[in-house]
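Note sheet for the following structure.
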Amino acid sequence: MESSANPPNPDQTKAPESLCRLCLSRDCHIKSISDYESQKNRPEELQKFIEEATGIQIEQNDLAKGLCASCAGMVVTVVKFRRKCQKINMEMRNLREEFLKESPADDMELLLYYLRMK
Ligand SMILES: [Zn+2]
C-alpha cells in the first residue's frame, strides 16, 4: 500500500478510500474506514457505529470506503447520544412500570414526583 505522504494523483482520487462514504467529500482529512478501526484510541468498531447511527451498511466492494473526519466525529456523537437516550428511555419505562405497580392511577404529577425522588 502506498504511503499517505505521497502527493495525490488522479488515480488515487478515484480510489474507494479517497471518497467519504457518507457525504461524498474528497477533502484532505479522509481516511479509510479500516484505518480508523486500527487506531488504538478508537477501539469501537466503526462500521457498527456507522450502521447504528445511519442505518447504512458498508459493503466489502463498496464504491467509497473512506470516511472524512467530520462524518467520523458525527457518527460517534450520534451513537453516544442515541445510546444515552435509549438508556434513559429504558430507565423511564422501568420506573413507570414500578410506579404503576404501587399506584394504580396513571397520574403524571405523581410520576414526576416519583422520578425526582429516585
Ligand atoms: Zn464525510
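Order determines the names: the first chain of the C-alpha cells is A, the second B, and so forth; residues in each chain are numbered 1 upward, and ligands are numbered 1 upward as they are shown.
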
Site check for ligand 1: residues at most 6 Å away, only C-alpha atoms and all ligand atoms, as a PDB file with C-alpha atoms, in the first residue's frame:
```pdb
ATOM      1  CA  CYS A  20     -16.155   9.755   2.112  1.00  0.00           C
ATOM      2  CA  LEU A  22     -21.297   9.149   3.967  1.00  0.00           C
ATOM      3  CA  CYS A  23     -21.037  12.669   2.462  1.00  0.00           C
ATOM      4  CA  SER A  25     -16.483  14.644   0.405  1.00  0.00           C
ATOM      5  CA  LEU A  67     -14.621   8.460   5.930  1.00  0.00           C
ATOM      6  CA  CYS A  68     -13.965  12.154   6.476  1.00  0.00           C
ATOM      7  CA  SER A  70     -16.318  15.382  10.135  1.00  0.00           C
ATOM      8  CA  CYS A  71     -18.521  12.331   9.462  1.00  0.00           C
TER       9      CYS A  71
END
```

*asked:* Give me the residues near segment 52-59 of chain A as a PyMOL selection string, where near means some atom within 12 Å (using only C-alpha atoms) and where sequence neighbours in that chain fewer than 2 positions away do not count.
replied: chain A and resi 16+20-23+32-34+45-50+61-67+71-83

Keeping only C-alpha atoms, write the selected residues to a file as a PDB file, in the first residue's frame.
```pdb
ATOM      1  CA  PRO A  16     -12.588   3.984  -2.801  1.00  0.00           C
ATOM      2  CA  CYS A  20     -16.155   9.755   2.112  1.00  0.00           C
ATOM      3  CA  ARG A  21     -18.800   7.019   2.034  1.00  0.00           C
ATOM      4  CA  LEU A  22     -21.297   9.149   3.967  1.00  0.00           C
ATOM      5  CA  CYS A  23     -21.037  12.669   2.462  1.00  0.00           C
ATOM      6  CA  SER A  32     -10.003   4.550   5.012  1.00  0.00           C
ATOM      7  CA  ILE A  33     -12.632   3.182   7.422  1.00  0.00           C
ATOM      8  CA  SER A  34     -10.281   0.310   8.250  1.00  0.00           C
ATOM      9  CA  GLU A  45     -15.872  -0.985  15.631  1.00  0.00           C
ATOM     10  CA  LEU A  46     -16.553   1.986  13.372  1.00  0.00           C
ATOM     11  CA  GLN A  47     -18.566   0.054  10.791  1.00  0.00           C
ATOM     12  CA  LYS A  48     -21.027  -0.966  13.510  1.00  0.00           C
ATOM     13  CA  PHE A  49     -21.143   2.646  14.697  1.00  0.00           C
ATOM     14  CA  ILE A  50     -21.911   3.839  11.147  1.00  0.00           C
ATOM     15  CA  ASN A  61     -16.883  -3.987  -2.526  1.00  0.00           C
ATOM     16  CA  ASP A  62     -18.344  -0.534  -1.811  1.00  0.00           C
ATOM     17  CA  LEU A  63     -17.573   2.259  -4.297  1.00  0.00           C
ATOM     18  CA  ALA A  64     -16.473   4.554  -1.457  1.00  0.00           C
ATOM     19  CA  LYS A  65     -14.599   3.213   1.556  1.00  0.00           C
ATOM     20  CA  GLY A  66     -13.277   6.432   3.059  1.00  0.00           C
ATOM     21  CA  LEU A  67     -14.621   8.460   5.930  1.00  0.00           C
ATOM     22  CA  CYS A  71     -18.521  12.331   9.462  1.00  0.00           C
ATOM     23  CA  ALA A  72     -16.397  10.149  11.775  1.00  0.00           C
ATOM     24  CA  GLY A  73     -16.917  12.624  14.624  1.00  0.00           C
ATOM     25  CA  MET A  74     -20.633  12.910  13.822  1.00  0.00           C
ATOM     26  CA  VAL A  75     -21.104   9.125  13.810  1.00  0.00           C
ATOM     27  CA  VAL A  76     -19.507   8.792  17.254  1.00  0.00           C
ATOM     28  CA  THR A  77     -21.572  11.713  18.612  1.00  0.00           C
ATOM     29  CA  VAL A  78     -24.840  10.333  17.205  1.00  0.00           C
ATOM     30  CA  VAL A  79     -24.190   6.833  18.570  1.00  0.00           C
ATOM     31  CA  LYS A  80     -23.322   8.179  22.027  1.00  0.00           C
ATOM     32  CA  PHE A  81     -26.444  10.391  22.005  1.00  0.00           C
ATOM     33  CA  ARG A  82     -28.649   7.539  20.775  1.00  0.00           C
ATOM     34  CA  ARG A  83     -27.326   5.111  23.405  1.00  0.00           C
TER      35      ARG A  83
END
```

*atom CA of Lys87 of chain A to atom CA of Glu37 of chain A, straight-line distance in Å*: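 Atom-to-atom, atom CA of Glu37 of chain A to atom CA of Lys87 of chain A, that is 25.3 Å.
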
*Any idea what's packed within 12 Å of Lys101 of chain A, counting only C-alpha atoms, ignoring anything in its chain fewer than 6 positions away? Could you give it as JSON, numbers by chain?*
{"A": [94, 95, 111]}

*Using atom CA of Asp35 of chain A and atom CA of Glu17 of chain A as the two end points, give the distance in Å to one decimal.*
9.8 Å
